[in-house]
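Chemist: Provided herewith is a single structure, encoded as structure tokens, for subsequent inquiry.
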Amino acid sequence: MTPLLVALSGCSFLGGPDQLYAVPQVTPSEQIPIAFSSVEVRDVSLPSYANYEEIYVEAVDGTLAAEDGLLWADDPARSVSLELVRALSALTGVIVAGEPWPFDPYPAARVEVRVEEMIASRSGEFRLSGQYFIAALDGSGGDSAELFSITSPLAADAGAAAIAAARGAAVAELARQIARGGLS
């Protein structure tokens with residue numbers, strides 16, 4: 001290592017190590033019967049700021065800023081997709097898997113989620129909104145499209161762990177809405 005790199009490695013202006021935050025699992029306590037025997041969940045589409053590994057927070061004035069050194073532990077789109085698969089599987093009791101569908105025959109239904117907003121706000125809430133689509137692949141004709149808007153309480157000065165927990169709660173609520181509204 002060159003002397004310059006050794007000197008720079010001790011400088012505090014370079015920032016400390018990044019801290020990674022995983023979203024805690026939310027296990028539903030209820031069972032929701034649905035009209036399909038198996039469900040594929042497509043990769044969730046997120047807005048660009050929510051797709052970054054940095055954890056973004058909305059200030060009271062509406063601006064979004066990344067929290068210094070705080071990162072999601074997993075790719076956000078992958079993580080949200082897997083959270084949704086886990087929650088739908090626990091809620092419904094049927095086979096639920098992410099794309100690509102790993103089984104034969106094809107699934108009875110497909111879920112696609114397009115998130116418009118996924119943000120922690122300093123005004124005291126975590127917001128998750130967008131639209132989900134259900135494609136009935138079993139010939140039942142049960143296709144549907146629904147808008148969703150979910151808020152989870154969040155302290156105005158919440159840290160990354162609280163933001164992760166609020167996100168997990170919001171995705172679990174989305175799974176409940178999909179199971180009750182689109183898959184039933």
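Simple scheme: letters A, B, ... for chains in structure tokens order, numbers from 1 for residues in each chain, numbers from 1 for ligands in the order shown.
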For Gly159 (chain A), list every protein, DNA or RNA residue within 12 Å, evaluated using only C-alpha atoms, and leave out those in the same chain fewer than 3 positions away; present the list as an mmCIF file with N, CA and C atoms, in the first residue's frame.
Modeler:
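That gives us out.cif:
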data_model
loop_
_atom_site.group_PDB
_atom_site.id
_atom_site.type_symbol
_atom_site.label_atom_id
_atom_site.label_comp_id
_atom_site.auth_asym_id
_atom_site.auth_seq_id
_atom_site.Cartn_x
_atom_site.Cartn_y
_atom_site.Cartn_z
ATOM 1 N N GLN A 19 -23.465 0.110 7.028
ATOM 2 C CA GLN A 19 -24.256 -0.762 7.884
ATOM 3 C C GLN A 19 -25.406 -1.307 7.048
ATOM 4 N N TYR A 21 -28.982 -3.427 6.600
ATOM 5 C CA TYR A 21 -30.210 -3.699 7.343
ATOM 6 C C TYR A 21 -31.107 -4.651 6.566
ATOM 7 N N ILE A 55 -30.750 3.395 1.754
ATOM 8 C CA ILE A 55 -32.059 3.597 2.366
ATOM 9 C C ILE A 55 -32.400 5.078 2.254
ATOM 10 N N TYR A 56 -33.448 5.374 1.491
ATOM 11 C CA TYR A 56 -33.880 6.759 1.280
ATOM 12 C C TYR A 56 -34.993 7.118 2.253
ATOM 13 N N VAL A 57 -34.955 8.372 2.710
ATOM 14 C CA VAL A 57 -35.963 8.888 3.624
ATOM 15 C C VAL A 57 -36.481 10.201 3.063
ATOM 16 N N GLU A 67 -29.740 7.940 3.487
ATOM 17 C CA GLU A 67 -29.142 8.009 4.810
ATOM 18 C C GLU A 67 -27.690 7.538 4.696
ATOM 19 N N ASP A 68 -26.748 8.342 5.170
ATOM 20 C CA ASP A 68 -25.319 8.046 5.034
ATOM 21 C C ASP A 68 -24.944 6.698 5.638
ATOM 22 N N LEU A 70 -26.120 3.776 5.397
ATOM 23 C CA LEU A 70 -27.161 2.797 5.717
ATOM 24 C C LEU A 70 -27.671 2.170 4.431
ATOM 25 N N LEU A 71 -27.546 0.852 4.343
ATOM 26 C CA LEU A 71 -27.891 0.133 3.118
ATOM 27 C C LEU A 71 -28.829 -1.028 3.429
ATOM 28 N N ALA A 120 -40.016 5.815 3.415
ATOM 29 C CA ALA A 120 -40.100 6.175 4.831
ATOM 30 C C ALA A 120 -40.121 7.693 4.900
ATOM 31 N N SER A 121 -41.056 8.234 5.667
ATOM 32 C CA SER A 121 -41.212 9.683 5.724
ATOM 33 C C SER A 121 -40.932 10.201 7.124
ATOM 34 N N ARG A 122 -40.264 11.331 7.205
ATOM 35 C CA ARG A 122 -40.017 11.983 8.492
ATOM 36 C C ARG A 122 -41.297 12.598 9.051
ATOM 37 N N GLY A 124 -43.770 10.762 9.768
ATOM 38 C CA GLY A 124 -44.280 9.752 10.684
ATOM 39 C C GLY A 124 -44.989 8.560 10.081
ATOM 40 N N LEU A 154 -44.517 5.138 11.723
ATOM 41 C CA LEU A 154 -43.062 5.221 11.805
ATOM 42 C C LEU A 154 -42.715 6.507 12.536
ATOM 43 N N ALA A 155 -41.917 6.418 13.571
ATOM 44 C CA ALA A 155 -41.515 7.617 14.308
ATOM 45 C C ALA A 155 -40.769 8.565 13.379
ATOM 46 N N ALA A 156 -40.955 9.858 13.580
ATOM 47 C CA ALA A 156 -40.321 10.862 12.724
ATOM 48 C C ALA A 156 -38.802 10.744 12.744
ATOM 49 N N ALA A 162 -36.015 0.473 12.376
ATOM 50 C CA ALA A 162 -37.455 0.756 12.431
ATOM 51 C C ALA A 162 -38.031 0.911 11.023
ATOM 52 N N ILE A 163 -37.264 1.512 10.123
ATOM 53 C CA ILE A 163 -37.706 1.644 8.728
ATOM 54 C C ILE A 163 -37.861 0.257 8.107
ATOM 55 N N ALA A 164 -36.896 -0.631 8.365
ATOM 56 C CA ALA A 164 -36.961 -1.996 7.833
ATOM 57 C C ALA A 164 -38.188 -2.732 8.378
ATOM 58 N N ALA A 165 -38.472 -2.576 9.666
ATOM 59 C CA ALA A 165 -39.640 -3.229 10.262
ATOM 60 C C ALA A 165 -40.938 -2.680 9.668
ATOM 61 N N ALA A 166 -41.001 -1.362 9.445
ATOM 62 C CA ALA A 166 -42.199 -0.754 8.851
ATOM 63 C C ALA A 166 -42.389 -1.234 7.418
#
Chemist: Within 10 Å of region 24-46 of chain A, which residues of region 97-128 of chain A come that close, and what is the closest atom pair and distance in Å for each? Count only C-alpha atoms and give it as CSV.
Modeler:
residue,atom,partner,partner_atom,distance
A:Ala97,CA,A:Glu40,CA,5.1
A:Gly98,CA,A:Val41,CA,4.7
A:Glu99,CA,A:Arg42,CA,5.2
A:Pro100,CA,A:Arg42,CA,7.8
A:Trp101,CA,A:Glu40,CA,6.3
A:Pro102,CA,A:Glu40,CA,9.3
A:Pro105,CA,A:Ser38,CA,9.9
A:Tyr106,CA,A:Ser38,CA,8.5
A:Pro107,CA,A:Ser38,CA,5.1
A:Ala108,CA,A:Ser38,CA,5.2
A:Ala109,CA,A:Val39,CA,4.9
A:Arg110,CA,A:Glu40,CA,4.7
A:Val111,CA,A:Val41,CA,4.8
A:Glu112,CA,A:Arg42,CA,5.2
A:Val113,CA,A:Val44,CA,5.2
A:Arg114,CA,A:Ser45,CA,4.7
A:Val115,CA,A:Leu46,CA,5.0
A:Glu116,CA,A:Leu46,CA,6.9
A:Glu117,CA,A:Leu46,CA,7.7
A:Met118,CA,A:Leu46,CA,7.7
Chemist: Could the residues in this selection be written to a file with N, CA and C atoms, as a PDB file, in the first residue's frame?
Modeler:
ATOM      1  N   ALA A  97     -44.494 -19.361  -5.424  1.00  0.00           N
ATOM      2  CA  ALA A  97     -43.075 -19.268  -5.775  1.00  0.00           C
ATOM      3  C   ALA A  97     -42.851 -18.042  -6.642  1.00  0.00           C
ATOM      4  N   GLY A  98     -41.631 -17.535  -6.573  1.00  0.00           N
ATOM      5  CA  GLY A  98     -41.251 -16.414  -7.423  1.00  0.00           C
ATOM      6  C   GLY A  98     -40.936 -16.893  -8.827  1.00  0.00           C
ATOM      7  N   GLU A  99     -40.871 -15.926  -9.735  1.00  0.00           N
ATOM      8  CA  GLU A  99     -40.531 -16.279 -11.116  1.00  0.00           C
ATOM      9  C   GLU A  99     -39.035 -16.553 -11.220  1.00  0.00           C
ATOM     10  N   PRO A 100     -38.594 -17.394 -12.110  1.00  0.00           N
ATOM     11  CA  PRO A 100     -39.404 -18.225 -12.999  1.00  0.00           C
ATOM     12  C   PRO A 100     -40.030 -19.383 -12.219  1.00  0.00           C
ATOM     13  N   TRP A 101     -41.231 -19.772 -12.629  1.00  0.00           N
ATOM     14  CA  TRP A 101     -41.971 -20.841 -11.961  1.00  0.00           C
ATOM     15  C   TRP A 101     -41.155 -22.127 -12.015  1.00  0.00           C
ATOM     16  N   PRO A 102     -40.844 -22.726 -10.859  1.00  0.00           N
ATOM     17  CA  PRO A 102     -39.937 -23.879 -10.846  1.00  0.00           C
ATOM     18  C   PRO A 102     -40.604 -25.245 -10.992  1.00  0.00           C
ATOM     19  N   PRO A 105     -47.079 -28.681 -13.458  1.00  0.00           N
ATOM     20  CA  PRO A 105     -47.448 -27.783 -14.550  1.00  0.00           C
ATOM     21  C   PRO A 105     -47.339 -26.321 -14.121  1.00  0.00           C
ATOM     22  N   TYR A 106     -47.774 -25.459 -14.996  1.00  0.00           N
ATOM     23  CA  TYR A 106     -47.726 -24.029 -14.721  1.00  0.00           C
ATOM     24  C   TYR A 106     -48.623 -23.673 -13.540  1.00  0.00           C
ATOM     25  N   PRO A 107     -48.393 -22.502 -12.928  1.00  0.00           N
ATOM     26  CA  PRO A 107     -49.229 -22.109 -11.788  1.00  0.00           C
ATOM     27  C   PRO A 107     -50.659 -21.788 -12.224  1.00  0.00           C
ATOM     28  N   ALA A 108     -51.566 -21.837 -11.270  1.00  0.00           N
ATOM     29  CA  ALA A 108     -52.968 -21.510 -11.555  1.00  0.00           C
ATOM     30  C   ALA A 108     -53.176 -20.005 -11.697  1.00  0.00           C
ATOM     31  N   ALA A 109     -52.307 -19.208 -11.048  1.00  0.00           N
ATOM     32  CA  ALA A 109     -52.437 -17.748 -11.122  1.00  0.00           C
ATOM     33  C   ALA A 109     -51.063 -17.099 -11.044  1.00  0.00           C
ATOM     34  N   ARG A 110     -51.002 -15.899 -11.564  1.00  0.00           N
ATOM     35  CA  ARG A 110     -49.761 -15.114 -11.521  1.00  0.00           C
ATOM     36  C   ARG A 110     -50.088 -13.753 -10.912  1.00  0.00           C
ATOM     37  N   VAL A 111     -49.206 -13.287 -10.017  1.00  0.00           N
ATOM     38  CA  VAL A 111     -49.344 -11.972  -9.390  1.00  0.00           C
ATOM     39  C   VAL A 111     -48.208 -11.088  -9.877  1.00  0.00           C
ATOM     40  N   GLU A 112     -48.548  -9.892 -10.302  1.00  0.00           N
ATOM     41  CA  GLU A 112     -47.546  -8.895 -10.673  1.00  0.00           C
ATOM     42  C   GLU A 112     -47.831  -7.636  -9.868  1.00  0.00           C
ATOM     43  N   VAL A 113     -46.782  -7.075  -9.253  1.00  0.00           N
ATOM     44  CA  VAL A 113     -46.926  -5.874  -8.430  1.00  0.00           C
ATOM     45  C   VAL A 113     -46.029  -4.785  -8.992  1.00  0.00           C
ATOM     46  N   ARG A 114     -46.622  -3.621  -9.206  1.00  0.00           N
ATOM     47  CA  ARG A 114     -45.879  -2.440  -9.652  1.00  0.00           C
ATOM     48  C   ARG A 114     -46.023  -1.369  -8.579  1.00  0.00           C
ATOM     49  N   VAL A 115     -44.921  -1.093  -7.901  1.00  0.00           N
ATOM     50  CA  VAL A 115     -44.928  -0.135  -6.800  1.00  0.00           C
ATOM     51  C   VAL A 115     -44.674   1.262  -7.342  1.00  0.00           C
ATOM     52  N   GLU A 116     -45.542   2.167  -6.978  1.00  0.00           N
ATOM     53  CA  GLU A 116     -45.428   3.574  -7.365  1.00  0.00           C
ATOM     54  C   GLU A 116     -44.633   4.357  -6.318  1.00  0.00           C
ATOM     55  N   GLU A 117     -44.846   4.013  -5.037  1.00  0.00           N
ATOM     56  CA  GLU A 117     -44.189   4.720  -3.939  1.00  0.00           C
ATOM     57  C   GLU A 117     -43.857   3.731  -2.836  1.00  0.00           C
ATOM     58  N   MET A 118     -42.608   3.765  -2.365  1.00  0.00           N
ATOM     59  CA  MET A 118     -42.172   2.966  -1.222  1.00  0.00           C
ATOM     60  C   MET A 118     -41.174   3.820  -0.460  1.00  0.00           C
TER      61      MET A 118
END
Chemist: Have a look at CA of Tyr52 (chain A) and CA of Tyr132 (chain A) and let me know their distance in Å, one decimal.
Modeler: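 About the pair CA of Tyr52 (chain A) and CA of Tyr132 (chain A): they are 21.5 Å apart.
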Chemist: Using only C-alpha atoms, determine which residues lie at most 7 Å from Leu84 (chain A), disregarding the query and same-chain residues fewer than 5 positions distant; provide the list as a list in words.
Modeler: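 In the requested form, the answer reads Val171, Ala172 and Ala175 of chain A.
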Chemist: As a list in words, please: the residues near Gln177 (chain A) (cut-off 10 Å, only C-alpha atoms, same-chain neighbours under 3 positions excluded).
Modeler: Leu88, Tyr132, Glu146, Phe148, Ile150, Val171, Ala172, Glu173, Leu174, Arg180, Gly181, Gly182 and Leu183 of chain A
Chemist: Take CA of Phe126 (chain A) and CA of Pro153 (chain A) and report the distance between them in Å, one decimal.
Modeler: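 Spanning CA of Phe126 (chain A) to CA of Pro153 (chain A) is a straight-line distance of 6.3 Å.
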Chemist: Can you check which residues of chain A DSSP gives as alpha helix (DSSP H) on the backbone and send them as an MDAnalysis selection string?
Modeler: chainID A and resid 3:9 48:51 76:92 160:177
Chemist: What does the distance between CA of Val94 (chain A) and CA of Ser184 (chain A) come to in Å, to one decimal place?
Modeler: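 Straight-line distance from CA of Val94 (chain A) to CA of Ser184 (chain A) works out to 12.3 Å.
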Chemist: Taking only C-alpha atoms into account, which of A:Ala170, A:Ala161, A:Leu137, A:Ala179 comes nearest Ala90 (chain A)?
Modeler: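 Checking each of A:Ala170, A:Ala161, A:Leu137, A:Ala179 against Ala90 (chain A), counting only C-alpha atoms, the winner is A:Ala179.
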Chemist: Go through A:Asp18, A:Pro47, A:Ala145, A:Gly93 and flag the residue nearest Ala73 (chain A), using only C-alpha atoms for the distances.
Modeler: A:Asp18
